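Raw contents of my_file-v4.cif, mmCIF, C-alpha atoms (C1' of nucleotides):
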data_work
loop_
_atom_site.group_PDB
_atom_site.id
_atom_site.type_symbol
_atom_site.label_atom_id
_atom_site.label_comp_id
_atom_site.auth_asym_id
_atom_site.auth_seq_id
_atom_site.Cartn_x
_atom_site.Cartn_y
_atom_site.Cartn_z
ATOM 1 C CA MET F 983 107.254 68.200 69.878
ATOM 2 C CA SER F 984 105.121 65.735 67.975
ATOM 3 C CA VAL F 985 103.202 65.201 71.214
ATOM 4 C CA ASP F 986 102.416 68.904 71.504
ATOM 5 C CA ASP F 987 101.439 68.863 67.864
ATOM 6 C CA GLU F 988 98.947 66.075 68.448
ATOM 7 C CA GLN F 989 97.534 67.990 71.390
ATOM 8 C CA LEU F 990 97.095 70.992 69.089
ATOM 9 C CA ASP F 991 95.352 68.722 66.593
ATOM 10 C CA ARG F 992 93.004 67.425 69.216
ATOM 11 C CA ALA F 993 92.358 70.801 70.820
ATOM 12 C CA PHE F 994 91.596 72.695 67.616
ATOM 13 C CA ALA F 995 89.540 69.847 66.222
ATOM 14 C CA ALA F 996 87.655 69.658 69.529
ATOM 15 C CA LEU F 997 86.687 73.323 69.197
ATOM 16 C CA GLY F 998 85.503 72.699 65.640
ATOM 17 C CA ASP F 999 82.179 71.430 66.949
ATOM 18 C CA PRO F 1000 79.414 73.753 68.152
ATOM 19 C CA VAL F 1001 78.264 71.385 70.891
ATOM 20 C CA ARG F 1002 81.745 71.206 72.381
ATOM 21 C CA ARG F 1003 82.216 74.978 72.098
ATOM 22 C CA ALA F 1004 78.946 75.477 73.967
ATOM 23 C CA MET F 1005 80.204 73.091 76.633
ATOM 24 C CA ILE F 1006 83.393 75.157 76.948
ATOM 25 C CA ALA F 1007 81.298 78.295 77.327
ATOM 26 C CA ARG F 1008 79.232 76.621 80.026
ATOM 27 C CA LEU F 1009 82.298 75.368 81.902
ATOM 28 C CA SER F 1010 83.827 78.840 81.937
ATOM 29 C CA ARG F 1011 81.074 79.716 84.423
ATOM 30 C CA GLY F 1012 81.934 76.791 86.698
ATOM 31 C CA PRO F 1013 82.279 73.005 86.878
ATOM 32 C CA ALA F 1014 79.451 70.839 85.585
ATOM 33 C CA THR F 1015 78.510 67.182 85.514
ATOM 34 C CA VAL F 1016 77.708 65.132 82.432
ATOM 35 C CA ASN F 1017 73.974 65.487 82.966
ATOM 36 C CA GLU F 1018 74.256 69.213 83.539
ATOM 37 C CA LEU F 1019 76.246 69.613 80.349
ATOM 38 C CA ALA F 1020 73.779 67.466 78.427
ATOM 39 C CA GLU F 1021 70.722 69.393 79.580
ATOM 40 C CA PRO F 1022 70.699 72.156 76.903
ATOM 41 C CA PHE F 1023 71.111 69.728 73.998
ATOM 42 C CA PRO F 1024 68.618 67.479 72.239
ATOM 43 C CA ILE F 1025 71.055 64.567 72.116
ATOM 44 C CA THR F 1026 71.646 61.579 74.388
ATOM 45 C CA THR F 1027 73.826 61.582 77.479
ATOM 46 C CA GLN F 1028 76.060 59.021 75.812
ATOM 47 C CA ALA F 1029 76.815 61.429 72.992
ATOM 48 C CA ILE F 1030 77.654 64.143 75.537
ATOM 49 C CA SER F 1031 79.846 61.691 77.411
ATOM 50 C CA ARG F 1032 81.879 61.150 74.267
ATOM 51 C CA HIS F 1033 82.144 64.882 73.621
ATOM 52 C CA ILE F 1034 83.560 65.165 77.123
ATOM 53 C CA GLN F 1035 86.084 62.445 76.382
ATOM 54 C CA VAL F 1036 87.178 64.378 73.304
ATOM 55 C CA LEU F 1037 87.651 67.566 75.319
ATOM 56 C CA GLU F 1038 89.550 65.666 77.993
ATOM 57 C CA ALA F 1039 91.828 63.944 75.463
ATOM 58 C CA ALA F 1040 92.554 67.391 74.049
ATOM 59 C CA GLY F 1041 93.580 68.561 77.512
ATOM 60 C CA LEU F 1042 90.933 71.286 77.494
ATOM 61 C CA ILE F 1043 89.170 69.921 80.576
ATOM 62 C CA THR F 1044 89.939 67.735 83.580
ATOM 63 C CA ARG F 1045 87.583 65.661 85.681
ATOM 64 C CA THR F 1046 87.201 65.062 89.382
ATOM 65 C CA ARG F 1047 85.046 62.704 91.373
ATOM 66 C CA ASP F 1048 82.140 63.673 93.609
ATOM 67 C CA GLY F 1049 80.328 60.495 94.602
ATOM 68 C CA GLN F 1050 78.764 59.115 91.482
ATOM 69 C CA ARG F 1051 79.186 62.441 89.651
ATOM 70 C CA ARG F 1052 82.196 63.222 87.478
ATOM 71 C CA PRO F 1053 82.377 67.025 87.298
ATOM 72 C CA CYS F 1054 84.274 68.670 84.432
ATOM 73 C CA HIS F 1055 86.589 71.638 84.905
ATOM 74 C CA LEU F 1056 87.951 73.930 82.222
ATOM 75 C CA VAL F 1057 91.758 74.173 81.933
ATOM 76 C CA PRO F 1058 92.582 77.789 81.081
ATOM 77 C CA ALA F 1059 96.232 76.951 80.373
ATOM 78 C CA ALA F 1060 95.146 74.706 77.515
ATOM 79 C CA LEU F 1061 93.140 77.538 76.004
ATOM 80 C CA GLU F 1062 96.117 79.812 76.426
ATOM 81 C CA ALA F 1063 98.293 77.378 74.463
ATOM 82 C CA LEU F 1064 95.913 77.713 71.532
ATOM 83 C CA THR F 1065 95.854 81.506 71.540
ATOM 84 C CA SER F 1066 99.646 81.492 71.777
ATOM 85 C CA TRP F 1067 99.914 79.325 68.699
ATOM 86 C CA ILE F 1068 97.527 81.512 66.737
ATOM 87 C CA ASP F 1069 99.018 84.796 67.910
ATOM 88 C CA GLU F 1070 102.518 83.802 66.842
ATOM 89 C CA TYR F 1071 101.440 83.725 63.215
ATOM 90 C CA ARG F 1072 98.916 86.531 63.389
ATOM 91 C CA LEU F 1073 101.482 88.911 64.858
ATOM 92 C CA GLU F 1074 104.120 87.879 62.323
ATOM 93 C CA THR F 1075 101.641 88.602 59.546
ATOM 94 C CA GLU F 1076 100.713 91.986 60.987
ATOM 95 C CA ARG F 1077 104.386 92.930 61.347
ATOM 96 C CA ARG F 1078 104.910 91.977 57.716
ATOM 97 C CA PHE F 1079 101.934 94.080 56.640
ATOM 98 C CA ARG F 1080 103.322 97.081 58.487
ATOM 99 C CA ARG F 1081 106.730 96.665 56.857
ATOM 100 C CA MET F 1082 105.033 96.463 53.470
ATOM 101 C CA ASP F 1083 103.025 99.577 54.161
ATOM 102 C CA ALA F 1084 106.187 101.425 55.097
ATOM 103 C CA VAL F 1085 107.886 100.379 51.866
ATOM 104 C CA LEU F 1086 104.899 101.454 49.782
ATOM 105 C CA LYS F 1087 104.903 104.782 51.541
ATOM 106 C CA THR F 1088 108.567 105.522 50.779
ATOM 107 C CA VAL F 1089 108.083 104.453 47.174
ATOM 108 C CA LYS F 1090 105.189 106.873 46.862
ATOM 109 C CA GLU F 1091 107.236 109.675 48.355
ATOM 110 C CA GLN F 1092 110.099 109.049 45.953
ATOM 111 C CA GLU F 1093 107.747 109.131 42.989
ATOM 112 C CA GLN F 1094 106.645 112.613 43.860
ATOM 113 C CA MET R 1176 74.950 84.688 64.579
ATOM 114 C CA SER R 1177 74.605 81.210 63.147
ATOM 115 C CA VAL R 1178 76.737 82.390 60.236
ATOM 116 C CA ASP R 1179 79.536 83.469 62.536
ATOM 117 C CA ASP R 1180 79.158 80.214 64.357
ATOM 118 C CA GLU R 1181 79.638 78.252 61.160
ATOM 119 C CA GLN R 1182 82.728 80.288 60.411
ATOM 120 C CA LEU R 1183 84.050 79.372 63.864
ATOM 121 C CA ASP R 1184 83.306 75.728 63.099
ATOM 122 C CA ARG R 1185 85.174 75.906 59.854
ATOM 123 C CA ALA R 1186 88.085 77.916 61.223
ATOM 124 C CA PHE R 1187 88.727 75.743 64.281
ATOM 125 C CA ALA R 1188 88.245 72.547 62.323
ATOM 126 C CA ALA R 1189 90.610 73.884 59.656
ATOM 127 C CA LEU R 1190 93.319 74.360 62.293
ATOM 128 C CA GLY R 1191 92.738 70.815 63.539
ATOM 129 C CA ASP R 1192 94.959 69.455 60.783
ATOM 130 C CA PRO R 1193 98.757 69.579 60.946
ATOM 131 C CA VAL R 1194 99.147 70.141 57.208
ATOM 132 C CA ARG R 1195 96.885 73.169 57.294
ATOM 133 C CA ARG R 1196 98.570 74.532 60.411
ATOM 134 C CA ALA R 1197 101.925 74.232 58.670
ATOM 135 C CA MET R 1198 100.460 76.098 55.713
ATOM 136 C CA ILE R 1199 99.311 78.867 58.058
ATOM 137 C CA ALA R 1200 102.802 79.051 59.519
ATOM 138 C CA ARG R 1201 104.280 79.295 56.035
ATOM 139 C CA LEU R 1202 101.825 81.988 54.955
ATOM 140 C CA SER R 1203 102.637 84.108 58.001
ATOM 141 C CA ARG R 1204 106.008 84.694 56.343
ATOM 142 C CA GLY R 1205 104.412 85.845 53.083
ATOM 143 C CA PRO R 1206 102.071 84.854 50.254
ATOM 144 C CA ALA R 1207 102.614 81.525 48.520
ATOM 145 C CA THR R 1208 101.213 79.650 45.548
ATOM 146 C CA VAL R 1209 99.678 76.199 45.588
ATOM 147 C CA ASN R 1210 102.883 74.578 44.384
ATOM 148 C CA GLU R 1211 104.971 76.459 46.915
ATOM 149 C CA LEU R 1212 102.676 75.371 49.703
ATOM 150 C CA ALA R 1213 102.717 71.788 48.447
ATOM 151 C CA GLU R 1214 106.490 71.552 48.281
ATOM 152 C CA PRO R 1215 107.212 70.513 51.904
ATOM 153 C CA PHE R 1216 104.591 67.744 51.934
ATOM 154 C CA PRO R 1217 104.633 64.199 50.560
ATOM 155 C CA ILE R 1218 101.089 64.536 49.200
ATOM 156 C CA THR R 1219 99.697 65.492 45.820
ATOM 157 C CA THR R 1220 99.066 69.044 44.666
ATOM 158 C CA GLN R 1221 95.376 68.202 44.418
ATOM 159 C CA ALA R 1222 95.245 67.403 48.111
ATOM 160 C CA ILE R 1223 96.965 70.698 48.898
ATOM 161 C CA SER R 1224 94.523 72.498 46.626
ATOM 162 C CA ARG R 1225 91.671 71.148 48.709
ATOM 163 C CA HIS R 1226 93.373 72.107 51.960
ATOM 164 C CA ILE R 1227 93.567 75.609 50.548
ATOM 165 C CA GLN R 1228 89.866 75.547 49.747
ATOM 166 C CA VAL R 1229 89.167 74.553 53.347
ATOM 167 C CA LEU R 1230 91.260 77.437 54.688
ATOM 168 C CA GLU R 1231 89.587 79.846 52.278
ATOM 169 C CA ALA R 1232 86.070 78.659 53.195
ATOM 170 C CA ALA R 1233 87.026 79.232 56.841
ATOM 171 C CA GLY R 1234 88.007 82.802 55.977
ATOM 172 C CA LEU R 1235 91.558 82.217 57.186
ATOM 173 C CA ILE R 1236 93.114 83.028 53.805
ATOM 174 C CA THR R 1237 92.238 84.937 50.656
ATOM 175 C CA ARG R 1238 93.510 84.407 47.148
ATOM 176 C CA THR R 1239 94.634 86.726 44.383
ATOM 177 C CA ARG R 1240 95.560 86.135 40.787
ATOM 178 C CA ASP R 1241 99.045 86.469 39.303
ATOM 179 C CA GLY R 1242 98.941 85.076 35.784
ATOM 180 C CA GLN R 1243 98.350 81.388 36.107
ATOM 181 C CA ARG R 1244 99.298 81.436 39.791
ATOM 182 C CA ARG R 1245 96.767 81.818 42.596
ATOM 183 C CA PRO R 1246 98.742 83.119 45.563
ATOM 184 C CA CYS R 1247 97.321 82.662 49.068
ATOM 185 C CA HIS R 1248 97.395 85.363 51.737
ATOM 186 C CA LEU R 1249 96.809 84.959 55.445
ATOM 187 C CA VAL R 1250 93.971 87.003 56.986
ATOM 188 C CA PRO R 1251 95.132 88.094 60.450
ATOM 189 C CA ALA R 1252 91.658 89.364 61.396
ATOM 190 C CA ALA R 1253 90.303 85.836 61.046
ATOM 191 C CA LEU R 1254 92.963 84.552 63.432
ATOM 192 C CA GLU R 1255 92.122 87.354 65.825
ATOM 193 C CA ALA R 1256 88.460 86.295 65.840
ATOM 194 C CA LEU R 1257 89.531 82.866 67.067
ATOM 195 C CA THR R 1258 91.746 84.159 69.860
ATOM 196 C CA SER R 1259 88.925 86.494 70.913
ATOM 197 C CA TRP R 1260 86.513 83.609 71.204
ATOM 198 C CA ILE R 1261 88.964 81.546 73.232
ATOM 199 C CA ASP R 1262 90.051 84.418 75.461
ATOM 200 C CA GLU R 1263 86.507 85.254 76.442
ATOM 201 C CA TYR R 1264 86.142 81.912 78.189
ATOM 202 C CA ARG R 1265 89.707 81.594 79.378
ATOM 203 C CA LEU R 1266 89.569 84.984 81.093
ATOM 204 C CA GLU R 1267 86.204 84.229 82.651
ATOM 205 C CA THR R 1268 87.629 80.996 84.047
ATOM 206 C CA GLU R 1269 90.699 82.723 85.428
ATOM 207 C CA ARG R 1270 88.559 85.412 87.081
ATOM 208 C CA ARG R 1271 86.477 82.677 88.674
ATOM 209 C CA PHE R 1272 89.611 80.928 89.953
ATOM 210 C CA ARG R 1273 90.830 84.145 91.524
ATOM 211 C CA ARG R 1274 87.480 84.726 93.231
ATOM 212 C CA MET R 1275 87.575 81.184 94.570
ATOM 213 C CA ASP R 1276 91.101 81.652 95.861
ATOM 214 C CA ALA R 1277 90.011 84.784 97.668
ATOM 215 C CA VAL R 1278 87.106 82.994 99.297
ATOM 216 C CA LEU R 1279 89.323 80.133 100.424
ATOM 217 C CA LYS R 1280 91.754 82.606 101.889
ATOM 218 C CA THR R 1281 89.127 84.376 104.004
ATOM 219 C CA VAL R 1282 87.746 81.050 105.195
ATOM 220 C CA LYS R 1283 91.214 80.000 106.323
ATOM 221 C CA GLU R 1284 91.720 83.282 108.143
ATOM 222 C CA GLN R 1285 88.413 82.909 109.980
ATOM 223 C CA GLU R 1286 89.318 79.396 111.055
ATOM 224 C CA GLN R 1287 92.381 80.657 112.816
ATOM 225 C "C1'" DC P 668 99.446 77.755 17.350
ATOM 226 C "C1'" DC P 669 101.219 74.318 20.339
ATOM 227 C "C1'" DT P 670 103.089 72.870 24.407
ATOM 228 C "C1'" DA P 671 104.287 73.258 29.138
ATOM 229 C "C1'" DT P 672 102.947 74.774 33.653
ATOM 230 C "C1'" DA P 673 99.610 75.907 37.471
ATOM 231 C "C1'" DT P 674 95.506 74.711 39.245
ATOM 232 C "C1'" DT P 675 91.151 72.557 39.696
ATOM 233 C "C1'" DC P 676 87.336 69.071 38.959
ATOM 234 C "C1'" DA P 677 85.411 64.334 39.358
ATOM 235 C "C1'" DA P 678 85.117 59.848 41.012
ATOM 236 C "C1'" DC P 679 86.634 56.700 44.082
ATOM 237 C "C1'" DA P 680 88.605 54.310 48.617
ATOM 238 C "C1'" DC P 681 89.083 54.355 53.336
ATOM 239 C "C1'" DA P 682 89.060 56.245 58.017
ATOM 240 C "C1'" DT P 683 87.066 59.018 61.394
ATOM 241 C "C1'" DC P 684 83.162 61.439 63.474
ATOM 242 C "C1'" DG P 685 78.856 62.106 65.675
ATOM 243 C "C1'" DG P 686 74.813 60.251 66.538
ATOM 244 C "C1'" DT P 687 71.747 56.199 67.933
ATOM 245 C "C1'" DT P 688 70.166 51.995 70.958
ATOM 246 C "C1'" DG P 689 70.955 48.525 74.432
ATOM 247 C "C1'" DA P 690 73.690 46.718 78.028
ATOM 248 C "C1'" DT P 691 76.812 47.438 81.928
ATOM 249 C "C1'" DC P 692 79.106 49.408 85.930
ATOM 250 C "C1'" DA P 693 79.398 52.102 90.242
ATOM 251 C "C1'" DA P 694 77.749 54.844 93.960
ATOM 252 C "C1'" DG P 695 73.721 56.433 96.985
ATOM 253 C "C1'" DG P 696 69.506 56.308 99.415
ATOM 254 C "C1'" DG P 697 65.288 54.237 101.196
ATOM 255 C "C1'" DC C 702 69.450 44.682 100.253
ATOM 256 C "C1'" DC C 703 67.271 46.417 96.330
ATOM 257 C "C1'" DC C 704 66.426 50.130 93.198
ATOM 258 C "C1'" DT C 705 67.526 54.474 91.319
ATOM 259 C "C1'" DT C 706 70.689 57.617 89.438
ATOM 260 C "C1'" DG C 707 75.025 59.006 86.977
ATOM 261 C "C1'" DA C 708 78.018 57.645 83.711
ATOM 262 C "C1'" DT C 709 80.248 54.658 80.446
ATOM 263 C "C1'" DC C 710 80.954 50.763 77.074
ATOM 264 C "C1'" DA C 711 79.909 48.362 72.661
ATOM 265 C "C1'" DA C 712 78.034 47.795 68.257
ATOM 266 C "C1'" DC C 713 76.125 49.915 64.560
ATOM 267 C "C1'" DC C 714 74.903 53.621 60.881
ATOM 268 C "C1'" DG C 715 75.152 57.558 57.863
ATOM 269 C "C1'" DA C 716 77.863 61.638 56.903
ATOM 270 C "C1'" DT C 717 82.112 63.905 56.378
ATOM 271 C "C1'" DG C 718 87.169 64.247 55.690
ATOM 272 C "C1'" DT C 719 91.475 63.225 53.478
ATOM 273 C "C1'" DG C 720 93.918 61.057 50.391
ATOM 274 C "C1'" DT C 721 94.417 58.904 45.616
ATOM 275 C "C1'" DT C 722 94.274 58.808 40.181
ATOM 276 C "C1'" DG C 723 92.840 60.651 35.833
ATOM 277 C "C1'" DA C 724 90.887 64.271 33.150
ATOM 278 C "C1'" DA C 725 89.980 69.147 32.352
ATOM 279 C "C1'" DT C 726 90.828 74.143 32.323
ATOM 280 C "C1'" DA C 727 93.506 78.328 31.820
ATOM 281 C "C1'" DT C 728 97.453 81.117 31.265
ATOM 282 C "C1'" DA C 729 102.478 81.604 29.616
ATOM 283 C "C1'" DG C 730 105.696 81.518 26.341
ATOM 284 C "C1'" DG C 731 108.477 79.874 22.359
#
Can I see the file as C-alpha cells?
Amino acid sequence: MSVDDEQLDRAFAALGDPVRRAMIARLSRGPATVNELAEPFPITTQAISRHIQVLEAAGLITRTRDGQRRPCHLVPAALEALTSWIDEYRLETERRFRRMDAVLKTVKEQEQ
Amino acid sequence: MSVDDEQLDRAFAALGDPVRRAMIARLSRGPATVNELAEPFPITTQAISRHIQVLEAAGLITRTRDGQRRPCHLVPAALEALTSWIDEYRLETERRFRRMDAVLKTVKEQEQ
DNA sequence: CCTATATTCAACACATCGGTTGATCAAGGG
DNA sequence: CCCTTGATCAACCGATGTGTTGAATATAGG
C-alpha cells in the first residue's frame, strides 16, 4: 500500500507541471519521441528527457524502442487510478452534502 | 485560460503530497479544524496550517469561521475539474487504442 | 481583565525541482 | 568506417517546497 501511495505521489506531482501536462495531452493523440515532444517547448531536449523520466517513474507513460528512437506511450490505466482516487472522496463529499440538504429540508418543514 | 492552468498546477501539485491527500480524505467525511487535521500527523500545527493554505490556494477547500476555529470544507467541484482534465486524455487514448485494435483485426482477416 | 486556546506570521535550514551546459553513448546512413 | 542523429548522463545553479522554532494575533471564557 505504501508503494501505491508513492505512485500516487509521483503521478499527481508529475501532473503539477504544465510542460508535463502538455506532454500528456500530446501523447493522448498518439506515441511520440523525445524530439517530437520537445518541439513545442522553448527548453532543451535534456530537460524534456527528464520530464519524460518523471512521467515514466510515475507510471503514466511507458517507452518502447524503434531504432535509435524511444517513443513514449500514454498508459490510460494510470490515469484511471488517479480519477478513481479523486472520485472516491468527491462522491463521499457529495453524498454528505445531499444528506445535509435533506436534514435541513425536514427541519424547515417542522418549523412551519 | 492561463488562470485555469495555474489552478490545475496548484491542484495537482497539492495532491502530490501524502499529508495533503490524507487531509482531503479526512475532509470528505466532514469539515475539520486545523487542530483536528493536525492530530494524525507527527508534524507541527504550523506545518499543517501551511498545507491548508496550499489546498485553499488550489481551490480544493474553503474555510469558514466558527469563533476562534477556522473549519475547512472540501470543494467537490474542484475535484471534479481534475477528473475532467484527466478523463479527456484518458478517453481519447482509449478510443485510439480501440481504433488501432480494429485496424489490426481487419489486417489479420485480409492476410488469411 | 487576564489567561488559555486556535491559528497564523516570520525567519531559518535543508531537500528537491527544473532548467542550463558539456560530455557521452548508441544506432543509422552515406 | 566515419559522421550524424536521438537520447541520456553529470555537474551545477537558482527557485520552490516542507519542515522547524519563536513570536504574534484573535477569540473564548472564568
* To do: Enumerate, as a ChimeraX atom specification, the residues matched when the PyMOL selection byres ((chain R) within 6 of (chain F)) is run on the file above.
  => /R:1184,1187-1188,1190-1192,1203,1251,1258,1264-1265,1267-1268
List the residues selected by the PyMOL selection byres ((chain C) within 8 of (chain F)) in the file shown, writing them as a short mmCIF file (atom, residue, chain, number, x, y, z; two decimals) with C-alpha atoms (C1' of nucleotides), in the frame of the given file.
data_model
loop_
_atom_site.label_atom_id
_atom_site.label_comp_id
_atom_site.auth_asym_id
_atom_site.auth_seq_id
_atom_site.Cartn_x
_atom_site.Cartn_y
_atom_site.Cartn_z
"C1'" DG C 707 75.03 59.01 86.98
"C1'" DA C 708 78.02 57.64 83.71
"C1'" DT C 709 80.25 54.66 80.45
#
* Within 12 Å of chain F: residues of chain P, using all atoms listed in the file, as a list of chain:residue names ->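 Here they are: P:DC684, P:DG685, P:DG686, P:DT687, P:DT688, P:DG689, P:DC692, P:DA693, P:DA694, P:DG695.
The residues returned by the PyMOL selection byres ((chain P and resi 668) around 12) for this structure are DC669 and DT670 of chain P; DG730 and DG731 of chain C.
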Selection export as a PDB file, keeping the file's coordinate frame, atoms kept: C-alpha atoms (C1' of nucleotides):
ATOM      1  C1'  DC P 669     101.219  74.318  20.339  1.00  0.00           C
ATOM      2  C1'  DT P 670     103.089  72.870  24.407  1.00  0.00           C
TER       3       DT P 670
ATOM      4  C1'  DG C 730     105.696  81.518  26.341  1.00  0.00           C
ATOM      5  C1'  DG C 731     108.477  79.874  22.359  1.00  0.00           C
TER       6       DG C 731
END
* Find the distance between CA of Val1001 (chain F) and CA of Leu1042 (chain F) and write it in Å to one decimal. => 14.3 Å
Could you give me the centre and size, in Å to one decimal, of an axis-aligned box around all listed atoms of region 705-712 of chain C with 8 Å added on every side, as AutoDock Vina command-line options?
--center_x 74.2 --center_y 53.4 --center_z 79.8 --size_x 29.4 --size_y 27.2 --size_z 39.1
* To do: Could you check which of C:DT706, C:DT717, C:DT728, C:DT722 is closest to DA673 (chain P), using only C-alpha atoms (C1' of nucleotides)?
  =>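 Closest to DA673 (chain P), using only C-alpha atoms (C1' of nucleotides): C:DT728.
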* **Å distance separating CA of Ala1256 (chain R) from CA of Arg1080 (chain F), one decimal place** =>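 These two atoms are separated by 19.8 Å.
Put simply, C1' of DA682 (chain P) is 27.0 Å away from CA of Ala1004 (chain F).
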